[in-house]
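Participant: See coords.cif below, with mmCIF, C-alpha atoms.
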data_query
#
loop_
_atom_site.group_PDB
_atom_site.id
_atom_site.type_symbol
_atom_site.label_atom_id
_atom_site.label_comp_id
_atom_site.auth_asym_id
_atom_site.auth_seq_id
_atom_site.Cartn_x
_atom_site.Cartn_y
_atom_site.Cartn_z
ATOM 1 C CA MET A 594 58.355 57.917 86.443
ATOM 2 C CA PRO A 595 60.781 57.238 83.549
ATOM 3 C CA LYS A 596 64.491 57.272 84.310
ATOM 4 C CA THR A 597 66.612 60.131 83.054
ATOM 5 C CA GLU A 598 69.588 59.438 80.816
ATOM 6 C CA VAL A 599 71.978 60.324 83.634
ATOM 7 C CA GLN A 600 70.200 57.919 86.011
ATOM 8 C CA THR A 601 70.540 55.130 83.430
ATOM 9 C CA GLU A 602 74.229 55.926 83.025
ATOM 10 C CA GLN A 603 74.691 55.896 86.799
ATOM 11 C CA GLU A 604 73.342 52.345 86.837
ATOM 12 C CA ILE A 605 76.027 51.424 84.297
ATOM 13 C CA LEU A 606 78.682 52.933 86.572
ATOM 14 C CA ARG A 607 77.417 50.959 89.569
ATOM 15 C CA SER A 608 76.960 47.570 87.913
ATOM 16 C CA GLY A 609 79.006 47.521 84.703
ATOM 17 C CA CYS A 610 81.644 49.703 83.097
ATOM 18 C CA GLY A 611 81.294 53.248 81.836
ATOM 19 C CA LEU A 612 83.728 54.898 79.415
ATOM 20 C CA LEU A 613 84.644 58.587 79.581
ATOM 21 C CA ASP A 614 87.313 60.404 77.546
ATOM 22 C CA ARG A 615 89.318 62.680 79.862
ATOM 23 C CA SER A 616 92.091 63.495 77.407
ATOM 24 C CA GLU A 617 91.538 67.218 77.987
ATOM 25 C CA ARG A 618 93.266 67.041 81.375
ATOM 26 C CA GLY A 619 96.613 68.808 81.589
ATOM 27 C CA LYS A 620 99.520 66.353 81.393
ATOM 28 C CA LEU A 621 103.242 66.805 82.058
ATOM 29 C CA ALA A 622 106.218 64.565 82.772
ATOM 30 C CA LEU A 623 109.469 65.035 84.690
ATOM 31 C CA THR A 624 112.617 63.043 83.942
ATOM 32 C CA GLY A 625 116.127 63.150 85.317
ATOM 33 C CA PRO A 626 117.986 62.080 88.467
ATOM 34 C CA GLU A 627 116.711 64.984 90.574
ATOM 35 C CA ALA A 628 113.060 64.914 89.438
ATOM 36 C CA LYS A 629 111.737 63.250 92.596
ATOM 37 C CA ALA A 630 113.691 65.388 95.016
ATOM 38 C CA PHE A 631 112.607 68.538 93.209
ATOM 39 C CA LEU A 632 108.897 67.732 93.092
ATOM 40 C CA HIS A 633 109.010 66.463 96.680
ATOM 41 C CA GLY A 634 109.906 70.008 97.745
ATOM 42 C CA GLN A 635 107.094 71.617 95.770
ATOM 43 C CA VAL A 636 103.960 69.609 96.597
ATOM 44 C CA THR A 637 102.142 68.447 99.733
ATOM 45 C CA ASN A 638 102.617 64.677 99.478
ATOM 46 C CA ASP A 639 105.591 62.314 99.699
ATOM 47 C CA VAL A 640 107.093 61.978 96.222
ATOM 48 C CA GLU A 641 110.529 60.697 97.191
ATOM 49 C CA GLY A 642 108.936 57.670 98.824
ATOM 50 C CA LEU A 643 107.304 56.525 95.577
ATOM 51 C CA GLN A 644 108.555 53.343 93.934
ATOM 52 C CA PRO A 645 108.042 52.414 90.266
ATOM 53 C CA GLY A 646 104.389 51.465 89.890
ATOM 54 C CA ASP A 647 103.319 53.749 92.773
ATOM 55 C CA GLY A 648 101.597 57.103 92.696
ATOM 56 C CA CYS A 649 99.980 59.713 94.890
ATOM 57 C CA TYR A 650 97.597 62.662 94.917
ATOM 58 C CA ALA A 651 98.917 66.065 96.005
ATOM 59 C CA ALA A 652 98.313 69.799 95.989
ATOM 60 C CA PHE A 653 100.636 72.640 95.092
ATOM 61 C CA LEU A 654 100.294 75.737 97.244
ATOM 62 C CA THR A 655 101.208 79.375 97.670
ATOM 63 C CA HIS A 656 103.592 80.325 100.463
ATOM 64 C CA LYS A 657 100.485 81.095 102.565
ATOM 65 C CA GLY A 658 99.204 77.530 102.191
ATOM 66 C CA LYS A 659 96.407 78.342 99.721
ATOM 67 C CA MET A 660 95.869 75.904 96.861
ATOM 68 C CA GLN A 661 97.017 76.730 93.352
ATOM 69 C CA GLY A 662 95.778 73.370 92.097
ATOM 70 C CA ASP A 663 95.893 69.623 92.656
ATOM 71 C CA LEU A 664 97.511 66.836 90.668
ATOM 72 C CA ARG A 665 98.060 63.106 90.319
ATOM 73 C CA ILE A 666 101.691 61.960 90.347
ATOM 74 C CA LEU A 667 102.715 58.570 88.975
ATOM 75 C CA ASP A 668 106.147 56.933 89.139
ATOM 76 C CA THR A 669 106.121 54.861 85.955
ATOM 77 C CA GLY A 670 109.727 53.747 86.329
ATOM 78 C CA GLU A 671 110.810 55.890 83.380
ATOM 79 C CA GLU A 672 109.407 59.245 84.512
ATOM 80 C CA LEU A 673 107.186 61.099 86.923
ATOM 81 C CA TRP A 674 103.896 61.562 85.071
ATOM 82 C CA LEU A 675 101.622 64.391 86.264
ATOM 83 C CA ASP A 676 98.060 65.278 85.421
ATOM 84 C CA THR A 677 95.954 68.178 86.627
ATOM 85 C CA GLU A 678 92.840 70.131 85.761
ATOM 86 C CA ARG A 679 93.297 71.846 82.402
ATOM 87 C CA ALA A 680 92.641 75.215 84.064
ATOM 88 C CA THR A 681 95.573 74.721 86.463
ATOM 89 C CA LEU A 682 98.040 73.300 83.931
ATOM 90 C CA GLN A 683 99.680 76.659 83.289
ATOM 91 C CA ALA A 684 100.110 77.316 87.022
ATOM 92 C CA LEU A 685 101.739 73.905 87.485
ATOM 93 C CA PHE A 686 103.963 74.369 84.422
ATOM 94 C CA THR A 687 105.005 77.851 85.602
ATOM 95 C CA MET A 688 105.754 76.654 89.135
ATOM 96 C CA ILE A 689 107.990 73.830 87.901
ATOM 97 C CA ASN A 690 109.776 76.047 85.389
ATOM 98 C CA ARG A 691 110.351 78.772 87.963
ATOM 99 C CA TYR A 692 111.910 76.579 90.630
ATOM 100 C CA LYS A 693 113.679 73.876 88.613
ATOM 101 C CA LEU A 694 116.676 76.062 87.730
ATOM 102 C CA GLY A 695 119.814 74.311 88.883
ATOM 103 C CA SER A 696 118.087 70.922 89.198
ATOM 104 C CA ASP A 697 119.096 68.013 86.970
ATOM 105 C CA LEU A 698 115.699 67.328 85.413
ATOM 106 C CA GLU A 699 113.671 67.935 82.271
ATOM 107 C CA LEU A 700 110.044 68.990 81.934
ATOM 108 C CA HIS A 701 107.975 67.524 79.095
ATOM 109 C CA LYS A 702 104.569 68.602 77.760
ATOM 110 C CA ARG A 703 102.166 65.696 77.284
ATOM 111 C CA THR A 704 98.669 67.204 77.106
ATOM 112 C CA LEU A 705 98.307 66.945 73.335
ATOM 113 C CA GLN A 706 100.602 63.962 72.952
ATOM 114 C CA GLN A 707 98.639 61.523 75.121
ATOM 115 C CA GLY A 708 95.019 60.399 75.409
ATOM 116 C CA LEU A 709 93.376 59.497 78.711
ATOM 117 C CA LEU A 710 90.315 57.256 78.996
ATOM 118 C CA SER A 711 88.522 56.445 82.256
ATOM 119 C CA LEU A 712 86.818 53.093 82.764
ATOM 120 C CA ILE A 713 84.428 53.427 85.683
ATOM 121 C CA GLY A 714 82.569 50.657 87.484
ATOM 122 C CA PRO A 715 82.995 47.128 88.867
ATOM 123 C CA GLU A 716 83.764 45.629 85.438
ATOM 124 C CA ALA A 717 86.499 48.159 84.628
ATOM 125 C CA ARG A 718 89.458 45.986 85.623
ATOM 126 C CA THR A 719 88.274 42.986 83.637
ATOM 127 C CA ILE A 720 87.571 45.050 80.528
ATOM 128 C CA ALA A 721 90.958 46.787 80.785
ATOM 129 C CA GLY A 722 92.779 43.496 81.345
ATOM 130 C CA ALA A 723 93.968 44.929 84.648
ATOM 131 C CA ASP A 724 92.945 42.213 87.101
ATOM 132 C CA ASP A 725 96.561 41.923 88.265
ATOM 133 C CA LEU A 726 96.981 45.673 88.819
ATOM 134 C CA PRO A 727 97.273 46.415 92.566
ATOM 135 C CA GLU A 728 94.029 47.870 93.898
ATOM 136 C CA ARG A 729 95.793 50.705 95.705
ATOM 137 C CA GLU A 730 94.763 53.978 94.068
ATOM 138 C CA HIS A 731 97.391 55.396 91.669
ATOM 139 C CA SER A 732 99.109 52.022 91.182
ATOM 140 C CA ASN A 733 100.225 51.835 87.555
ATOM 141 C CA ALA A 734 101.691 49.318 85.124
ATOM 142 C CA ARG A 735 102.388 48.993 81.424
ATOM 143 C CA GLY A 736 99.988 46.845 79.465
ATOM 144 C CA GLU A 737 98.205 46.347 76.164
ATOM 145 C CA VAL A 738 94.587 46.428 75.045
ATOM 146 C CA ASP A 739 94.147 44.619 71.728
ATOM 147 C CA GLY A 740 97.762 45.385 70.837
ATOM 148 C CA ILE A 741 97.555 49.074 71.836
ATOM 149 C CA PRO A 742 100.243 49.982 74.415
ATOM 150 C CA VAL A 743 98.713 51.607 77.501
ATOM 151 C CA LEU A 744 99.598 52.675 80.995
ATOM 152 C CA LEU A 745 97.038 51.133 83.361
ATOM 153 C CA ILE A 746 96.256 53.365 86.353
ATOM 154 C CA ALA A 747 94.157 52.287 89.350
ATOM 155 C CA THR A 748 91.542 54.852 90.384
ATOM 156 C CA ASP A 749 89.032 54.966 93.232
ATOM 157 C CA VAL A 750 86.255 53.943 90.829
ATOM 158 C CA GLY A 751 87.986 51.796 88.196
ATOM 159 C CA VAL A 752 90.961 52.082 85.836
ATOM 160 C CA ASP A 753 92.383 54.885 83.696
ATOM 161 C CA LEU A 754 94.104 54.108 80.392
ATOM 162 C CA LEU A 755 96.865 56.348 79.063
ATOM 163 C CA CYS A 756 97.881 55.972 75.414
ATOM 164 C CA GLU A 757 99.333 57.853 72.472
ATOM 165 C CA ALA A 758 96.885 60.564 71.426
ATOM 166 C CA GLU A 759 96.471 59.275 67.877
ATOM 167 C CA ARG A 760 95.317 55.891 69.192
ATOM 168 C CA THR A 761 92.728 57.199 71.665
ATOM 169 C CA GLU A 762 89.668 56.454 69.522
ATOM 170 C CA GLN A 763 91.036 53.059 68.521
ATOM 171 C CA LEU A 764 91.481 52.272 72.214
ATOM 172 C CA ALA A 765 87.958 53.490 72.963
ATOM 173 C CA GLU A 766 86.551 51.190 70.284
ATOM 174 C CA ALA A 767 88.520 48.264 71.718
ATOM 175 C CA VAL A 768 87.106 48.671 75.227
ATOM 176 C CA ARG A 769 83.594 49.258 73.839
ATOM 177 C CA ALA A 770 83.921 45.911 72.061
ATOM 178 C CA ARG A 771 84.767 44.368 75.432
ATOM 179 C CA GLY A 772 81.610 45.770 77.049
ATOM 180 C CA ALA A 773 82.358 49.336 78.118
ATOM 181 C CA ARG A 774 79.533 51.794 77.460
ATOM 182 C CA ASP A 775 79.904 55.516 76.891
ATOM 183 C CA VAL A 776 78.691 57.669 79.768
ATOM 184 C CA SER A 777 78.375 61.408 80.120
ATOM 185 C CA HIS A 778 80.491 63.797 82.139
ATOM 186 C CA ASP A 779 77.385 64.538 84.253
ATOM 187 C CA ALA A 780 76.997 60.886 85.259
ATOM 188 C CA ALA A 781 80.657 60.644 86.288
ATOM 189 C CA GLU A 782 80.365 63.913 88.215
ATOM 190 C CA ALA A 783 77.321 62.585 90.081
ATOM 191 C CA LEU A 784 79.394 59.590 91.208
ATOM 192 C CA ARG A 785 82.201 61.909 92.326
ATOM 193 C CA VAL A 786 79.768 63.971 94.403
ATOM 194 C CA GLU A 787 78.329 60.805 95.921
ATOM 195 C CA ARG A 788 81.851 59.766 96.952
ATOM 196 C CA GLY A 789 82.568 63.190 98.442
ATOM 197 C CA ARG A 790 85.596 64.018 96.322
ATOM 198 C CA PRO A 791 85.996 67.755 95.653
ATOM 199 C CA ARG A 792 87.211 69.110 92.336
ATOM 200 C CA PHE A 793 89.474 72.141 92.005
ATOM 201 C CA GLY A 794 87.727 75.030 90.284
ATOM 202 C CA LEU A 795 84.271 73.825 91.357
ATOM 203 C CA ASP A 796 84.362 72.857 95.026
ATOM 204 C CA MET A 797 87.699 74.397 96.014
ATOM 205 C CA ASP A 798 89.735 77.305 94.691
ATOM 206 C CA ASP A 799 92.749 79.510 95.346
ATOM 207 C CA ASN A 800 91.321 80.541 98.740
ATOM 208 C CA THR A 801 91.193 76.943 99.961
ATOM 209 C CA ILE A 802 93.625 75.326 102.391
ATOM 210 C CA PRO A 803 93.800 71.525 101.854
ATOM 211 C CA GLN A 804 92.355 70.648 105.271
ATOM 212 C CA GLU A 805 89.239 72.742 104.563
ATOM 213 C CA ALA A 806 88.546 70.525 101.542
ATOM 214 C CA GLY A 807 89.118 67.318 103.503
ATOM 215 C CA LEU A 808 92.329 66.555 101.611
ATOM 216 C CA ASN A 809 94.784 65.963 104.441
ATOM 217 C CA GLU A 810 94.440 62.177 104.458
ATOM 218 C CA ARG A 811 94.749 61.803 100.687
ATOM 219 C CA ALA A 812 97.050 64.629 99.684
ATOM 220 C CA VAL A 813 99.256 65.724 102.593
ATOM 221 C CA SER A 814 102.238 64.079 104.261
ATOM 222 C CA PHE A 815 103.103 65.353 107.737
ATOM 223 C CA THR A 816 106.339 63.359 107.946
ATOM 224 C CA LYS A 817 108.116 64.569 104.808
ATOM 225 C CA GLY A 818 110.511 67.486 104.587
ATOM 226 C CA CYS A 819 109.678 71.085 103.789
ATOM 227 C CA TYR A 820 107.544 72.187 100.863
ATOM 228 C CA ILE A 821 105.975 75.447 99.779
ATOM 229 C CA GLY A 822 103.088 76.376 102.108
ATOM 230 C CA GLN A 823 103.969 73.721 104.700
ATOM 231 C CA GLU A 824 103.981 76.057 107.714
ATOM 232 C CA THR A 825 100.330 77.050 107.328
ATOM 233 C CA VAL A 826 99.157 73.517 106.592
ATOM 234 C CA ALA A 827 101.043 72.036 109.560
ATOM 235 C CA ARG A 828 99.966 74.768 111.980
ATOM 236 C CA LEU A 829 96.302 74.311 111.111
ATOM 237 C CA HIS A 830 96.607 70.529 111.441
ATOM 238 C CA TYR A 831 98.397 70.443 114.790
ATOM 239 C CA ARG A 832 97.175 73.570 116.572
ATOM 240 C CA GLY A 833 94.020 74.910 115.045
ATOM 241 C CA LYS A 834 90.553 74.103 113.802
ATOM 242 C CA PRO A 835 89.631 75.113 110.281
ATOM 243 C CA ASN A 836 86.857 77.664 109.988
ATOM 244 C CA ARG A 837 85.452 75.796 106.990
ATOM 245 C CA HIS A 838 84.772 72.166 106.101
ATOM 246 C CA LEU A 839 83.809 70.261 102.968
ATOM 247 C CA ARG A 840 80.257 68.953 103.343
ATOM 248 C CA GLY A 841 77.739 67.058 101.292
ATOM 249 C CA LEU A 842 74.351 68.641 100.725
ATOM 250 C CA ARG A 843 70.928 67.199 99.951
ATOM 251 C CA LEU A 844 68.925 69.712 97.928
ATOM 252 C CA SER A 845 65.159 70.156 98.083
ATOM 253 C CA GLY A 846 64.980 71.564 94.560
ATOM 254 C CA PRO A 847 66.983 73.026 91.664
ATOM 255 C CA ALA A 848 70.083 75.103 92.397
ATOM 256 C CA GLU A 849 73.034 76.533 90.514
ATOM 257 C CA PRO A 850 76.719 76.182 91.381
ATOM 258 C CA GLY A 851 77.995 79.333 93.058
ATOM 259 C CA ALA A 852 74.682 80.127 94.774
ATOM 260 C CA GLU A 853 74.993 81.568 98.275
ATOM 261 C CA LEU A 854 74.366 79.238 101.205
ATOM 262 C CA ARG A 855 72.898 80.849 104.322
ATOM 263 C CA LEU A 856 72.385 79.617 107.864
ATOM 264 C CA GLY A 857 69.687 81.947 109.102
ATOM 265 C CA GLU A 858 70.800 85.346 107.867
ATOM 266 C CA LYS A 859 74.508 84.490 107.737
ATOM 267 C CA VAL A 860 76.254 83.508 104.501
ATOM 268 C CA VAL A 861 78.267 80.371 105.301
ATOM 269 C CA GLY A 862 79.484 79.380 101.834
ATOM 270 C CA ARG A 863 78.667 78.894 98.188
ATOM 271 C CA LEU A 864 77.370 75.882 96.347
ATOM 272 C CA GLY A 865 79.998 73.802 94.543
ATOM 273 C CA THR A 866 79.244 70.881 92.226
ATOM 274 C CA VAL A 867 75.536 70.096 91.812
ATOM 275 C CA ALA A 868 74.420 66.614 90.697
ATOM 276 C CA ASP A 869 70.663 66.053 90.775
ATOM 277 C CA ASP A 870 69.624 66.483 94.420
ATOM 278 C CA ARG A 871 73.155 66.180 95.818
ATOM 279 C CA ALA A 872 75.931 68.735 95.986
ATOM 280 C CA LEU A 873 79.282 69.551 97.549
ATOM 281 C CA ALA A 874 80.283 72.790 99.233
ATOM 282 C CA ILE A 875 82.907 74.140 101.602
ATOM 283 C CA VAL A 876 80.925 75.826 104.377
ATOM 284 C CA ARG A 877 81.713 77.488 107.688
ATOM 285 C CA ARG A 878 81.976 75.128 110.632
ATOM 286 C CA GLU A 879 78.761 76.381 112.244
ATOM 287 C CA ALA A 880 76.891 74.766 109.324
ATOM 288 C CA GLU A 881 77.101 71.372 110.995
ATOM 289 C CA PRO A 882 75.686 68.084 109.670
ATOM 290 C CA GLY A 883 71.935 68.115 110.146
ATOM 291 C CA ALA A 884 71.589 71.872 109.668
ATOM 292 C CA THR A 885 69.301 73.272 106.971
ATOM 293 C CA LEU A 886 70.658 76.024 104.732
ATOM 294 C CA SER A 887 68.891 78.408 102.403
ATOM 295 C CA VAL A 888 70.177 78.290 98.826
ATOM 296 C CA GLY A 889 70.231 81.368 96.586
ATOM 297 C CA ASP A 890 66.881 83.147 96.729
ATOM 298 C CA GLY A 891 65.624 80.749 99.381
ATOM 299 C CA GLU A 892 63.235 78.676 97.284
ATOM 300 C CA THR A 893 65.563 75.688 97.636
ATOM 301 C CA THR A 894 67.005 74.425 100.916
ATOM 302 C CA ALA A 895 69.986 72.167 101.572
ATOM 303 C CA GLU A 896 70.445 69.631 104.361
ATOM 304 C CA VAL A 897 74.077 69.469 105.453
ATOM 305 C CA LEU A 898 75.516 65.938 105.343
ATOM 306 C CA GLU A 899 78.635 64.413 106.872
ATOM 307 C CA LEU A 900 81.069 62.972 104.330
ATOM 308 C CA GLY A 901 82.991 59.746 104.684
#
What is this structure when it is put down as structure tokens?

Facilitator:
Amino acid sequence: MPKTEVQTEQEILRSGCGLLDRSERGKLALTGPEAKAFLHGQVTNDVEGLQPGDGCYAAFLTHKGKMQGDLRILDTGEELWLDTERATLQALFTMINRYKLGSDLELHKRTLQQGLLSLIGPEARTIAGADDLPEREHSNARGEVDGIPVLLIATDVGVDLLCEAERTEQLAEAVRARGARDVSHDAAEALRVERGRPRFGLDMDDNTIPQEAGLNERAVSFTKGCYIGQETVARLHYRGKPNRHLRGLRLSGPAEPGAELRLGEKVVGRLGTVADDRALAIVRREAEPGATLSVGDGETTAEVLELG
């Protein structure tokens, strides 16, 4: 049976280096002596503990502990650089603007000013000239690719390159010349599903508490000071068991994101990201690994898988 285009691209991601333009992501920056302290009090992870060249992943929440969005935070030495899903950029911008009054900091828009390219795969570091970049996710350092200034950012699957927007295509051509090959969004999403990493707006939403999406280890500090929504997150972590969990699914046939998932007659969740025969979903805890769920009209079933 001939391979699909996405399957061929997935082979590139596993053995070479794929290139994907993610410049559409929402991008902001904070500068000023109180930038760290301010953001530390707004998001779930430890921002004050970051050193230049470090970074972290975090969520920003309502007072009831429900997610408004997630973001990557980088301490570049000159600023705190933030990126988030484009759909949650306005919520992040509004939150910072609302609560920064009285703080000695400035908020800068960067979405249109900067390009963002992802190099994905085992050859990414070599092609980016980032062999000396620490492997720890979110580590970042200034560098150059064929004379183009970039910020090199370590990811879980390779290296991201941040540059001036007007040089994005020039940078893309430079890494293509070094061996990177264009891949589709679908191929990159399939790899994300395989790695069990949920995406806001697809696998989690404004009814999700971080622990339900399996984010506590990556996105939440339980030793930092107070932040918005902390009480709910801490109470669930120390005293309770979440009613829902992020799970992987193996599908028996075609299915659409958002389709109902049923265990017997009971609706236990909705389908999140779908990538070929694999998917992610936040489902009720009774849908344990090994269970079989009905999807949508019941023509397709889903085996519940443990992640991690």

Participant: With all atoms listed in the file as the counted atoms, please give the residues lying no more than 7 Å from Arg771 of chain A, apart from itself and same-chain residues fewer than 3 positions off, as a VMD selection string.

Facilitator: chain A and resid 720 767 to 768

Participant: Save out the residues we just selected, C-alpha atoms, as an mmCIF file, in the coordinates of the input.

Facilitator:
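Once everything was written out, this is again_5.cif:
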data_model
loop_
_atom_site.group_PDB
_atom_site.id
_atom_site.type_symbol
_atom_site.label_atom_id
_atom_site.label_comp_id
_atom_site.auth_asym_id
_atom_site.auth_seq_id
_atom_site.Cartn_x
_atom_site.Cartn_y
_atom_site.Cartn_z
ATOM 1 C CA ILE A 720 87.571 45.050 80.528
ATOM 2 C CA ALA A 767 88.520 48.264 71.718
ATOM 3 C CA VAL A 768 87.106 48.671 75.227
#

Participant: Give as a list of chain:residue names the residues that the PyMOL selection byres ((chain A and resi 656) around 8) matches when applied to the coordinates above.

Facilitator: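 Output from the PyMOL selection byres ((chain A and resi 656) around 8), applied to this file: A:Leu654, A:Thr655, A:Lys657, A:Gly658, A:Lys659, A:Ile821, A:Gly822, A:Gln823.
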
Participant: Name the residues that the PyMOL selection byres ((chain A and resi 837-839) around 9) picks from the file above, as a ChimeraX atom specification, using the file's chain letters and numbers.

Facilitator: /A:789,791,796-797,804-807,834-836,840-841,861-862,873-880,899-900

Participant: Neighbours of Cys610 of chain A within 8 Å (only C-alpha atoms; same-chain residues fewer than 5 positions away dropped), as an MDAnalysis selection string?

Facilitator: chainID A and resid 605 712:717 720 772:774

Participant: Using all atoms listed in the file, which of A:Glu627, A:Glu787, A:Glu824, A:Glu604 sits nearest Lys693 of chain A?

Facilitator: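 So, comparing all the options, the nearest one is A:Glu627.
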
Participant: Expanded to explicit residues, what is the PyMOL selection byres ((chain A and resi 897) around 6) for this file, as a PDB file with C-alpha atoms, in the frame of the given file?

Facilitator:
ATOM      1  CA  LEU A 842      74.351  68.641 100.725  1.00  0.00           C
ATOM      2  CA  PRO A 882      75.686  68.084 109.670  1.00  0.00           C
ATOM      3  CA  GLY A 883      71.935  68.115 110.146  1.00  0.00           C
ATOM      4  CA  ALA A 884      71.589  71.872 109.668  1.00  0.00           C
ATOM      5  CA  GLU A 896      70.445  69.631 104.361  1.00  0.00           C
ATOM      6  CA  LEU A 898      75.516  65.938 105.343  1.00  0.00           C
TER       7      LEU A 898
END

Participant: When you look at Val752 of chain A with a cut-off of 8 Å (counting all atoms listed in the file), what residues show up, excluding the ones that are within fewer than 5 positions of it in the same chain? I need them as a PyMOL selection string.

Facilitator: chain A and resi 711-713+717-718+721+723+745-747

Participant: Counting only C-alpha atoms, which of A:Asp870, A:Asp663, A:Glu678, A:Asp798 gets nearest to Gly846 of chain A?

Facilitator: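 Of the candidates, the smallest distance to Gly846 of chain A is held by A:Asp870.
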
Participant: In Å, with one decimal, what is the gap from atom CA of Pro850 of chain A to atom CA of Leu709 of chain A?

Facilitator: 26.8 Å

Participant: Using all atoms listed in the file, pick whichever of A:Ala868, A:Leu698, A:Val860, A:Leu705 has the shortest atom-to-atom distance to Arg679 of chain A.

Facilitator: A:Leu705

Participant: Quick one: distance from atom CA of Lys817 of chain A to atom CA of Ala734 of chain A in Å, one decimal?

Facilitator: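 It comes out at 25.7 Å.
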
Participant: Looking at A:Ala852, A:Val826, A:Leu667, A:Leu682, which one is nearest to Glu641 of chain A, with distances taken over all atoms listed in the file?

Facilitator: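 Of A:Ala852, A:Val826, A:Leu667, A:Leu682, the one nearest Glu641 of chain A, counting all atoms listed in the file, is A:Leu667.
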
Participant: How many Å lie between atom CA of Met660 of chain A and atom CA of Glu881 of chain A, rounded to one decimal?

Facilitator: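 Result for atom CA of Met660 of chain A versus atom CA of Glu881 of chain A: 23.9 Å, one decimal.
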
Participant: Using only C-alpha atoms, pick whichever of A:Gly670, A:Gly794, A:Gly901, A:Gly695 has the shortest atom-to-atom distance to Ala622 of chain A.

Facilitator: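 With only C-alpha atoms as the atom set, the closest residue is A:Gly670.
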
Participant: Step by step: start from the point (106.0, 66.1, 81.1) in the file's coordinates, keep every protein, DNA or RNA residue that has an atom no farther than 9 Å from it, count only C-alpha atoms, and write the set as JSON, numbers by chain.

Facilitator: {"A": [620, 621, 622, 623, 624, 672, 673, 674, 675, 699, 700, 701, 702, 703, 704]}

Participant: Which residue, A:Ile802, A:Asn690, A:Leu795, A:Ser616, has the smallest gap to Gln635 of chain A when you use only C-alpha atoms?

Facilitator: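 Among the listed residues, the smallest separation from Gln635 of chain A belongs to A:Asn690.
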
Participant: List the spatial neighbours of Val599 of chain A as number ranges by chain - criterion: any atom at most 9 Å away, all atoms listed in the file, same-chain residues fewer than 3 positions off excluded.

Facilitator: A: 596, 602-604, 776-777, 779-780, 783

Participant: Which polymer residues, whether protein, DNA or RNA, lie within 7 Å of the coordinate (98.3, 55.6, 91.3) when you count all atoms listed in the file? List them as a list in words, using the chain letters and numbers from the file.

Facilitator: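 Output: Asp647, Gly648, Cys649, Leu667, Glu730, His731, Ser732, Asn733, Ile746, Ala747 and Thr748 of chain A.
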
Participant: For Ala652 of chain A, find every residue with an atom within 7 Å (counting all atoms listed in the file), except residues of its own chain fewer than 6 positions away, and show them as a PyMOL selection string.

Facilitator: chain A and resi 636-637+660+662-664+812
